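Trainee: One file is attached below, structure.cif, containing mmCIF, C-alpha atoms.
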data_start
loop_
_atom_site.label_atom_id
_atom_site.label_comp_id
_atom_site.auth_asym_id
_atom_site.auth_seq_id
_atom_site.Cartn_x
_atom_site.Cartn_y
_atom_site.Cartn_z
CA MET A 462 0.00 0.00 0.00
CA ALA A 463 2.82 2.44 0.87
CA LYS A 464 4.64 1.69 -2.42
CA PHE A 465 1.45 2.25 -4.40
CA THR A 466 0.84 5.56 -2.62
CA LEU A 467 4.41 6.66 -3.44
CA LEU A 468 3.88 5.71 -7.09
CA LEU A 469 0.76 7.85 -7.26
CA ALA A 470 2.57 10.75 -5.66
CA LEU A 471 5.31 10.56 -8.31
CA LEU A 472 2.86 10.33 -11.22
CA PRO A 473 2.49 14.12 -11.71
CA ALA A 474 6.30 14.50 -11.69
CA VAL A 475 6.63 11.84 -14.39
CA LEU A 476 4.04 13.61 -16.52
CA ALA A 477 5.91 16.90 -16.04
CA PHE A 478 9.01 15.43 -17.75
CA LYS A 479 7.09 14.20 -20.78
CA ASP A 480 8.07 15.68 -24.16
CA THR A 481 11.36 17.10 -22.89
CA ILE A 482 14.94 16.80 -24.13
CA PRO A 483 18.28 17.27 -22.37
CA ILE A 484 20.82 19.93 -23.30
CA VAL A 485 24.44 19.46 -22.26
CA ALA A 486 27.24 21.87 -23.18
CA TRP A 487 30.92 22.06 -22.32
CA SER A 488 33.90 24.11 -23.41
CA THR A 489 37.63 23.42 -23.47
CA HIS A 490 38.24 27.00 -22.26
CA THR A 491 36.33 29.21 -19.86
CA SER A 492 33.04 30.31 -21.39
CA THR A 493 31.21 33.32 -19.99
CA VAL A 494 27.93 32.17 -21.50
CA LEU A 495 27.98 28.74 -19.86
CA ASP A 496 29.10 30.09 -16.48
CA LYS A 497 26.35 32.73 -16.32
CA LEU A 498 23.43 30.55 -17.36
CA PRO A 499 20.92 29.79 -14.58
CA SER A 500 20.63 26.18 -13.47
CA LYS A 501 16.84 25.93 -13.69
CA SER A 502 15.93 22.67 -15.38
CA HIS A 503 12.73 23.85 -17.06
CA THR A 504 13.88 27.22 -18.36
CA GLY A 505 13.26 27.36 -22.08
CA HIS A 506 15.26 28.80 -24.98
CA ALA A 507 18.46 27.28 -23.60
CA LEU A 508 19.92 26.65 -27.05
CA GLU A 509 19.56 30.28 -28.07
CA SER A 510 21.10 31.42 -24.78
CA ILE A 511 24.16 29.26 -25.34
CA LEU A 512 24.65 29.52 -29.09
CA PHE A 513 24.04 33.25 -29.37
CA GLY A 514 26.15 34.36 -26.42
CA ASP A 515 28.70 37.14 -26.65
CA ASP A 516 31.74 34.85 -26.71
CA ILE A 517 30.42 32.15 -29.02
CA CYS A 518 32.53 33.40 -31.93
CA SER A 519 35.71 33.40 -29.85
CA HIS A 520 35.95 29.61 -30.14
CA GLU A 521 37.78 28.04 -33.04
CA ALA A 522 34.95 25.55 -33.43
CA VAL A 523 31.38 25.15 -32.25
CA VAL A 524 30.36 21.50 -32.27
CA ILE A 525 26.65 20.68 -32.24
CA VAL A 526 25.88 17.02 -31.58
CA ASP A 527 22.38 15.90 -32.53
CA GLN A 528 21.05 12.56 -31.30
CA PRO A 529 17.34 12.14 -32.08
CA GLY A 530 15.26 10.49 -29.37
CA LEU A 531 17.70 11.36 -26.55
CA HIS A 532 16.35 11.54 -22.97
CA ALA A 533 17.94 12.65 -19.71
CA SER A 534 17.81 9.06 -18.45
CA ASP A 535 20.07 8.01 -21.35
CA LEU A 536 22.79 10.39 -20.17
CA ARG A 537 22.43 9.23 -16.57
CA SER A 538 22.95 5.64 -17.69
CA LEU A 539 26.44 6.41 -19.03
CA PRO A 540 29.36 5.26 -16.85
CA PRO A 541 31.90 7.78 -15.51
CA THR A 542 34.43 6.47 -18.04
CA SER A 543 32.30 7.47 -21.06
CA HIS A 544 33.42 10.28 -23.34
CA ILE A 545 30.54 12.59 -22.40
CA SER A 546 31.08 12.10 -18.66
CA ARG A 547 34.82 12.67 -18.93
CA SER A 548 34.31 15.75 -21.11
CA LEU A 549 31.98 17.33 -18.56
CA THR A 550 34.33 16.53 -15.69
CA SER A 551 37.47 17.88 -17.35
CA SER A 552 35.91 20.90 -19.09
CA ALA A 553 36.71 24.46 -18.07
CA SER A 554 33.02 25.41 -18.31
CA SER A 555 29.91 23.29 -18.58
CA HIS A 556 26.16 23.52 -18.31
CA GLN A 557 23.37 20.94 -18.05
CA ARG A 558 19.62 21.19 -18.42
CA PRO A 559 18.00 17.74 -18.32
CA TYR A 560 14.37 18.70 -18.98
CA VAL A 561 13.86 21.34 -21.66
CA PRO A 562 10.42 21.34 -23.35
CA VAL A 563 10.55 20.18 -26.94
CA GLN A 564 8.64 23.26 -28.09
CA GLN A 565 11.44 25.49 -26.74
CA SER A 566 14.41 23.44 -27.91
CA GLY A 567 14.78 24.97 -31.37
CA ASP A 568 15.97 23.52 -34.68
CA LEU A 569 19.61 22.43 -34.35
CA ALA A 570 20.32 22.57 -38.09
CA ALA A 571 18.87 26.07 -38.40
CA LEU A 572 20.79 27.27 -35.33
CA ALA A 573 24.03 25.91 -36.77
CA GLN A 574 23.42 27.79 -40.01
CA MET A 575 22.79 31.05 -38.14
CA ILE A 576 25.95 30.67 -36.03
CA SER A 577 27.98 29.97 -39.15
CA GLU A 578 26.74 33.18 -40.75
CA ARG A 579 27.18 35.24 -37.61
CA CYS A 580 30.75 34.11 -36.93
CA ALA A 581 31.75 33.79 -40.60
CA SER A 582 32.63 30.16 -39.97
CA ARG A 583 32.59 27.16 -42.23
CA LEU A 584 29.56 24.92 -41.75
CA VAL A 585 30.46 21.23 -41.79
CA THR A 586 28.17 18.23 -41.29
CA VAL A 587 29.85 15.05 -40.05
CA ALA A 588 28.46 11.53 -39.88
CA PRO A 589 30.38 9.38 -37.36
CA GLY A 590 32.33 6.60 -39.02
CA VAL A 591 32.26 8.27 -42.44
CA SER A 592 35.55 9.69 -43.65
CA GLY A 593 36.19 12.32 -46.29
CA VAL A 594 35.58 15.52 -44.28
CA SER A 595 38.72 17.57 -43.67
CA LEU A 596 38.95 20.32 -41.07
CA ASP A 597 41.56 23.07 -40.89
CA LYS A 598 42.53 24.38 -37.47
CA ASN A 599 43.26 27.79 -39.01
CA GLU A 600 39.68 28.11 -40.25
CA LYS A 601 36.79 28.57 -37.84
CA ALA A 602 34.08 25.98 -38.23
CA VAL A 603 30.63 25.05 -37.01
CA VAL A 604 30.56 21.26 -36.97
CA VAL A 605 27.28 19.36 -36.84
CA ILE A 606 27.62 15.71 -35.79
CA ASN A 607 24.52 13.63 -36.53
CA LEU A 608 24.43 10.55 -34.31
CA PRO A 609 21.99 7.69 -34.98
CA GLY A 610 18.60 8.02 -33.35
CA LEU A 611 17.66 6.18 -30.17
CA THR A 612 14.57 4.03 -30.72
CA ASP A 613 15.35 0.94 -28.60
CA GLU A 614 14.24 0.27 -25.04
CA GLY A 615 15.77 -1.35 -21.97
CA TYR A 616 19.26 -2.86 -22.08
CA THR A 617 19.38 -2.57 -25.86
CA ARG A 618 18.94 1.19 -25.58
CA LYS A 619 21.72 1.42 -23.00
CA GLY A 620 24.03 -0.55 -25.28
CA SER A 621 23.18 1.71 -28.21
CA MET A 622 23.95 4.76 -26.08
CA LEU A 623 27.38 3.39 -25.19
CA HIS A 624 28.10 2.65 -28.85
CA HIS A 625 27.07 6.16 -29.90
CA ASP A 626 29.23 7.63 -27.15
CA GLN A 627 32.23 5.83 -28.65
CA LEU A 628 31.34 7.13 -32.11
CA LEU A 629 31.23 10.65 -30.71
CA ALA A 630 34.60 10.14 -29.00
CA ASP A 631 36.20 9.04 -32.29
CA ALA A 632 34.73 12.02 -34.14
CA MET A 633 35.88 14.52 -31.51
CA GLU A 634 39.42 13.13 -31.35
CA SER A 635 39.89 13.71 -35.08
CA MET A 636 39.22 17.45 -34.77
CA PRO A 637 42.31 19.70 -34.87
CA PHE A 638 40.88 22.61 -32.85
CA GLU A 639 42.27 23.74 -29.50
CA THR A 640 39.34 25.87 -28.31
CA GLN A 641 35.89 24.54 -28.98
CA LEU A 642 32.44 24.58 -27.47
CA THR A 643 30.37 21.41 -27.70
CA LEU A 644 26.61 21.27 -27.38
CA PHE A 645 24.93 17.87 -27.09
CA SER A 646 21.16 17.70 -27.52
CA SER A 647 18.40 16.03 -29.48
CA SER A 648 16.06 16.78 -32.32
CA VAL A 649 12.55 15.38 -32.35
CA LEU A 650 12.04 12.06 -34.10
CA PRO A 651 9.75 12.26 -37.19
CA HIS A 652 6.98 10.08 -35.69
CA HIS A 653 7.00 12.23 -32.55
CA LYS A 654 6.42 15.28 -34.71
CA ARG A 655 3.45 13.61 -36.35
CA GLN A 656 2.01 12.66 -32.98
CA ALA A 657 2.34 16.22 -31.74
CA GLU A 658 0.62 17.58 -34.84
CA GLU A 659 -2.21 15.05 -34.56
CA ALA A 660 -2.67 15.75 -30.85
CA GLU A 661 -2.91 19.52 -31.33
CA PRO A 662 -6.59 20.55 -31.16
CA PRO A 663 -8.06 22.60 -34.00
CA VAL A 664 -8.59 26.32 -33.52
CA PHE A 665 -12.23 26.08 -34.59
CA PRO A 666 -13.70 22.68 -33.65
CA SER A 667 -16.28 21.35 -36.03
CA ALA A 668 -19.81 21.74 -34.69
CA SER A 669 -20.94 18.63 -36.56
CA LYS A 670 -18.44 16.33 -34.85
CA LYS A 671 -20.12 13.08 -33.83
CA GLY A 672 -19.39 10.66 -31.05
CA GLY A 673 -21.01 12.24 -28.00
CA ILE A 674 -19.41 14.15 -25.16
CA LEU A 675 -16.35 11.87 -24.98
CA ALA A 676 -15.46 12.78 -28.57
CA ARG A 677 -15.76 16.51 -27.87
CA TYR A 678 -14.13 16.86 -24.45
CA GLN A 679 -11.37 15.20 -22.47
CA LEU A 680 -13.03 14.12 -19.25
CA LEU A 681 -10.36 11.84 -17.81
CA THR A 682 -7.41 14.15 -17.29
CA PRO A 683 -4.21 12.93 -15.55
CA ALA A 684 -5.11 14.88 -12.40
CA LEU A 685 -8.59 13.34 -12.28
CA ILE A 686 -7.24 9.83 -12.85
CA THR A 687 -4.69 10.33 -10.05
CA THR A 688 -7.44 11.52 -7.68
CA LEU A 689 -9.65 8.55 -8.50
CA LEU A 690 -6.81 6.10 -7.92
CA VAL A 691 -5.99 7.67 -4.55
CA VAL A 692 -9.64 7.53 -3.47
CA LEU A 693 -10.21 3.94 -4.66
CA PHE A 694 -6.98 2.35 -3.46
CA VAL A 695 -6.04 4.48 -0.43
CA LEU A 696 -8.96 6.31 1.18
CA LEU A 697 -11.68 3.68 0.68
CA PRO A 698 -9.55 0.79 2.07
CA LEU A 699 -8.63 2.91 5.09
CA LEU A 700 -12.29 3.77 5.66
CA TYR A 701 -13.28 0.11 5.35
CA PHE A 702 -10.67 -1.06 7.85
CA GLY A 703 -11.66 1.70 10.28
CA ILE A 704 -15.35 0.80 10.17
CA SER A 705 -14.50 -2.91 10.50
CA ALA A 706 -12.36 -2.20 13.56
CA LEU A 707 -15.13 -0.19 15.22
CA ALA A 708 -17.72 -2.87 14.42
CA SER A 709 -15.54 -5.58 15.98
CA ILE A 710 -15.59 -3.91 19.41
CA GLN A 711 -17.90 -5.95 21.73
CA SER A 712 -19.32 -5.01 25.14
CA PRO A 713 -20.85 -7.48 27.71
CA VAL A 714 -24.64 -7.83 27.48
CA ARG A 715 -25.09 -7.66 31.28
CA MET A 716 -22.94 -7.30 34.34
CA ASP A 717 -23.23 -9.86 37.17
CA ALA A 718 -23.09 -8.59 40.73
CA PRO A 719 -19.97 -9.48 42.68
CA LYS A 720 -20.15 -12.46 44.99
CA GLY A 721 -21.50 -11.53 48.44
CA PHE A 722 -23.06 -8.31 47.24
CA SER A 723 -26.49 -7.43 48.67
CA ALA A 724 -28.49 -4.57 47.27
CA GLY A 725 -30.53 -4.28 50.50
CA ASP A 726 -27.49 -3.93 52.70
CA LYS A 727 -26.11 -1.32 50.34
CA LYS A 728 -29.35 0.66 50.60
CA ASN A 729 -29.41 0.56 54.45
CA GLN A 730 -25.91 1.90 54.59
#
The structure in this file should be written as structure tokens.

Mentor:
Amino acid sequence: MAKFTLLLALLPAVLAFKDTIPIVAWSTHTSTVLDKLPSKSHTGHALESILFGDDICSHEAVVIVDQPGLHASDLRSLPPTSHISRSLTSSASSHQRPYVPVQQSGDLAALAQMISERCASRLVTVAPGVSGVSLDKNEKAVVVINLPGLTDEGYTRKGSMLHHDQLLADAMESMPFETQLTLFSSSVLPHHKRQAEEAEPPVFPSASKKGGILARYQLLTPALITTLLVVLFVLLPLLYFGISALASIQSPVRMDAPKGFSAGDKKNQ
């Protein structure tokens, strides 16, 4: 019963992290932008705050790593010896936001294009494991690394994350730059975009829509479902056990007089 109550209490928090992506950034040299960013997990427009900071163009390279389908739990599953963990630990400046709403994450490809134009840098797209892209340390660059998407679940997903981390390590080691800022985040998978578009209600609902009240309105909201579960599985059982305990209390039907007791003698006294 206690475990079930705890699960219900955590249900709203789980729903709060739905449709969010993590944003992790680190720099080989001290970055004013990363050091001044607030640490609030749900603050939006984090990508714009990082990529359009005052010192963004002072780096020889800005590396944007895109891994579709990435969640904060995937980063937490990485061991301390992984490339991402070691990069965050050894970096001069770093910043992490595990739960950024998808609507406020921005388009990574479009942001890379804008940074390239702003800093007059060469825009390069790299696929891990594919050779043929040459980088010059004397030429500023905005490098976009497209990692494979994460679509697996369970242990398979964890294994895929470790493999992608090694691909990222190999790609980063081949770069000739001394000062670079790396941003690791996720773009939305195509089927997630379709689901979001289908779930968005129309501005002007059709008056001729059939199917009754359930087709027109959402009656069972997450808050209502949580309340019903608490009432059915917590409050009602407690009320039942309380009433049963009270009903089990028994009192003697009559009380016998003690041996040797005389009502007449008691009255004469």

Trainee: Which one of A:Gln557, A:Ser519, A:Ser635, A:Thr493 sits closest to Ala581 in chain A if you count only C-alpha atoms?

Mentor: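 Closest to Ala581 in chain A of all the choices is A:Ser519.
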
Trainee: With a distance cut-off of 7 Å and all atoms listed in the file, select the neighbouring residues of Ser543 in chain A, excluding the residue or stretch itself and same-chain residues fewer than 4 positions from it, and output the selection as a compact mmCIF listing (two decimals) with C-alpha atoms, keeping the file's coordinate frame.

Mentor:
# COMPACT_ATOMS: atom_id res chain seq x y z
CA LEU A 539 26.44 6.41 -19.03
CA ARG A 547 34.82 12.67 -18.93
CA ASP A 626 29.23 7.63 -27.15

Trainee: Quick one: pull the distance between CA of Val591 in chain A and CA of Val605 in chain A, Å, one decimal.

Mentor: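 Between CA of Val591 in chain A and CA of Val605 in chain A the gap is 13.4 Å.
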
Trainee: For this structure, which residues satisfy the selection - the PyMOL selection byres ((chain A and resi 584) around 12) - when it is evaluated on the file as given? I want them as an MDAnalysis selection string.

Mentor: chainID A and resid 522:525 570:583 585:587 594:596 600:606

Trainee: Which of these, A:Lys619, A:His532, A:Leu608, A:Ser546, has the shortest distance to Asp480 in chain A once you count only C-alpha atoms?

Mentor: A:His532

Trainee: On this file, the PyMOL selection byres ((chain A and resi 638) around 8) gives some set of residues; write that set as a VMD selection string.

Mentor: chain A and resid 521 to 522 598 636 to 637 639 to 641

Trainee: Find the distance between CA of Gly590 in chain A and CA of Leu549 in chain A and write it in Å to one decimal.

Mentor: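 That distance, rounded to one decimal, is 23.1 Å.
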
Trainee: Measuring atom to atom with only C-alpha atoms, identify which of A:Ala553, A:Leu512, A:Leu696, A:Ile545 is nearest to Asp568 in chain A.

Mentor: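 Among the listed residues, A:Leu512 lies closest to Asp568 in chain A.
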
Trainee: To one decimal in Å, tell me the separation between CA of His520 in chain A and CA of Thr643 in chain A.

Mentor: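 Between CA of His520 in chain A and CA of Thr643 in chain A the gap works out to 10.2 Å.
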
Trainee: Would you mind telling me which residue in A:Ser551, A:Gln711, A:Gln564, A:Gln528 lies nearest to Leu629 in chain A when using all atoms listed in the file?

Mentor: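 The closest residue to Leu629 in chain A is A:Gln528.
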
Trainee: Give me the residues within 7 Å of Ala533 in chain A as a list of chain:residue names, counting only C-alpha atoms and dropping any in the same chain fewer than 5 places off.

Mentor: A:Ile482, A:Pro483, A:Pro559

Trainee: Using only C-alpha atoms, pick whichever of A:Val691, A:Leu623, A:Leu697, A:Ala632 has the shortest atom-to-atom distance to Pro540 in chain A.

Mentor: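 Looking at the shortest contact to Pro540 in chain A, the residue is A:Leu623.
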
Trainee: Kindly extract all protein, DNA and RNA residues lying within 9 Å of the coordinates (27.5, 30.5, -21.6) given in the file, considering all atoms listed in the file, and supply them as a list in words.

Mentor: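 Output of the proximity query reads Ala486, Ser492, Thr493, Val494, Leu495, Asp496, Lys497, Leu498, Ser510, Ile511, Leu512, Phe513, Gly514, Asp515, Asp516, Ile517, Ser554, Ser555 and His556 of chain A.
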
Trainee: Assuming 6 Å of padding per side, give the centre and edge lengths of the axis-aligned box around every listed atom of range 602-616 of chain A, in Å to one decimal and as JSON.

Mentor:
{"center_x": 24.2, "center_y": 11.6, "center_z": -30.1, "size_x": 31.8, "size_y": 40.8, "size_z": 28.3}

Trainee: Can you turn the PyMOL selection byres ((chain A and resi 531) around 12) into a concrete residue list for this file, as number ranges by chain?

Mentor: A: 480-485, 526-530, 532-538, 559-561, 563, 608-614, 618-619, 621-622, 625, 645-650

Trainee: Write the selection just made, keeping C-alpha atoms, as a short mmCIF file (atom, residue, chain, number, x, y, z; two decimals), in the coordinates of the input?

Mentor:
data_model
loop_
_atom_site.label_atom_id
_atom_site.label_comp_id
_atom_site.auth_asym_id
_atom_site.auth_seq_id
_atom_site.Cartn_x
_atom_site.Cartn_y
_atom_site.Cartn_z
CA ASP A 480 8.07 15.68 -24.16
CA THR A 481 11.36 17.10 -22.89
CA ILE A 482 14.94 16.80 -24.13
CA PRO A 483 18.28 17.27 -22.37
CA ILE A 484 20.82 19.93 -23.30
CA VAL A 485 24.44 19.46 -22.26
CA VAL A 526 25.88 17.02 -31.58
CA ASP A 527 22.38 15.90 -32.53
CA GLN A 528 21.05 12.56 -31.30
CA PRO A 529 17.34 12.14 -32.08
CA GLY A 530 15.26 10.49 -29.37
CA HIS A 532 16.35 11.54 -22.97
CA ALA A 533 17.94 12.65 -19.71
CA SER A 534 17.81 9.06 -18.45
CA ASP A 535 20.07 8.01 -21.35
CA LEU A 536 22.79 10.39 -20.17
CA ARG A 537 22.43 9.23 -16.57
CA SER A 538 22.95 5.64 -17.69
CA PRO A 559 18.00 17.74 -18.32
CA TYR A 560 14.37 18.70 -18.98
CA VAL A 561 13.86 21.34 -21.66
CA VAL A 563 10.55 20.18 -26.94
CA LEU A 608 24.43 10.55 -34.31
CA PRO A 609 21.99 7.69 -34.98
CA GLY A 610 18.60 8.02 -33.35
CA LEU A 611 17.66 6.18 -30.17
CA THR A 612 14.57 4.03 -30.72
CA ASP A 613 15.35 0.94 -28.60
CA GLU A 614 14.24 0.27 -25.04
CA ARG A 618 18.94 1.19 -25.58
CA LYS A 619 21.72 1.42 -23.00
CA SER A 621 23.18 1.71 -28.21
CA MET A 622 23.95 4.76 -26.08
CA HIS A 625 27.07 6.16 -29.90
CA PHE A 645 24.93 17.87 -27.09
CA SER A 646 21.16 17.70 -27.52
CA SER A 647 18.40 16.03 -29.48
CA SER A 648 16.06 16.78 -32.32
CA VAL A 649 12.55 15.38 -32.35
CA LEU A 650 12.04 12.06 -34.10
#

Trainee: Please determine, counting only C-alpha atoms, which residue among A:Leu644, A:Glu634, A:Val692, A:Gly615 has the shortest atom-to-atom distance to Arg558 in chain A.

Mentor: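 Closest residue, counting only C-alpha atoms: A:Leu644.
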
Trainee: Generate the missing atoms of range 586-600 of chain A up to N, CA, C and O atoms and report them as a short mmCIF file (atom, residue, chain, number, x, y, z; two decimals), in the frame of the given file.

Mentor:
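Saved as rebuild.cif:
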data_model
loop_
_atom_site.label_atom_id
_atom_site.label_comp_id
_atom_site.auth_asym_id
_atom_site.auth_seq_id
_atom_site.Cartn_x
_atom_site.Cartn_y
_atom_site.Cartn_z
N THR A 586 29.02 19.29 -41.85
CA THR A 586 28.17 18.23 -41.29
C THR A 586 28.95 16.92 -41.34
O THR A 586 29.47 16.53 -42.39
N VAL A 587 29.04 16.26 -40.18
CA VAL A 587 29.85 15.05 -40.05
C VAL A 587 28.96 13.90 -39.62
O VAL A 587 28.13 14.05 -38.71
N ALA A 588 29.12 12.77 -40.28
CA ALA A 588 28.46 11.53 -39.88
C ALA A 588 29.51 10.63 -39.26
O ALA A 588 30.51 10.31 -39.92
N PRO A 589 29.36 10.22 -38.01
CA PRO A 589 30.38 9.38 -37.36
C PRO A 589 30.66 8.11 -38.14
O PRO A 589 29.75 7.44 -38.64
N GLY A 590 31.93 7.80 -38.30
CA GLY A 590 32.33 6.60 -39.02
C GLY A 590 32.48 6.79 -40.51
O GLY A 590 32.89 5.85 -41.21
N VAL A 591 32.15 7.97 -41.01
CA VAL A 591 32.26 8.27 -42.44
C VAL A 591 33.41 9.25 -42.64
O VAL A 591 33.42 10.34 -42.08
N SER A 592 34.39 8.85 -43.40
CA SER A 592 35.55 9.69 -43.65
C SER A 592 35.32 10.57 -44.88
O SER A 592 34.32 10.44 -45.58
N GLY A 593 36.27 11.46 -45.11
CA GLY A 593 36.19 12.32 -46.29
C GLY A 593 35.98 13.78 -45.96
O GLY A 593 36.03 14.63 -46.86
N VAL A 594 35.77 14.13 -44.69
CA VAL A 594 35.58 15.52 -44.28
C VAL A 594 36.87 16.00 -43.63
O VAL A 594 37.33 15.43 -42.63
N SER A 595 37.47 17.04 -44.20
CA SER A 595 38.72 17.57 -43.67
C SER A 595 38.45 18.90 -42.98
O SER A 595 37.68 19.73 -43.47
N LEU A 596 39.10 19.10 -41.85
CA LEU A 596 38.95 20.32 -41.07
C LEU A 596 40.30 20.98 -40.91
O LEU A 596 41.32 20.31 -40.67
N ASP A 597 40.32 22.30 -41.01
CA ASP A 597 41.56 23.07 -40.89
C ASP A 597 41.50 23.85 -39.59
O ASP A 597 40.55 24.59 -39.34
N LYS A 598 42.53 23.69 -38.75
CA LYS A 598 42.53 24.38 -37.47
C LYS A 598 42.68 25.88 -37.62
O LYS A 598 42.41 26.64 -36.67
N ASN A 599 43.12 26.35 -38.77
CA ASN A 599 43.26 27.79 -39.01
C ASN A 599 41.98 28.41 -39.55
O ASN A 599 41.94 29.61 -39.79
N GLU A 600 40.97 27.61 -39.73
CA GLU A 600 39.68 28.11 -40.25
C GLU A 600 38.58 27.77 -39.25
O GLU A 600 38.38 26.61 -38.90
#
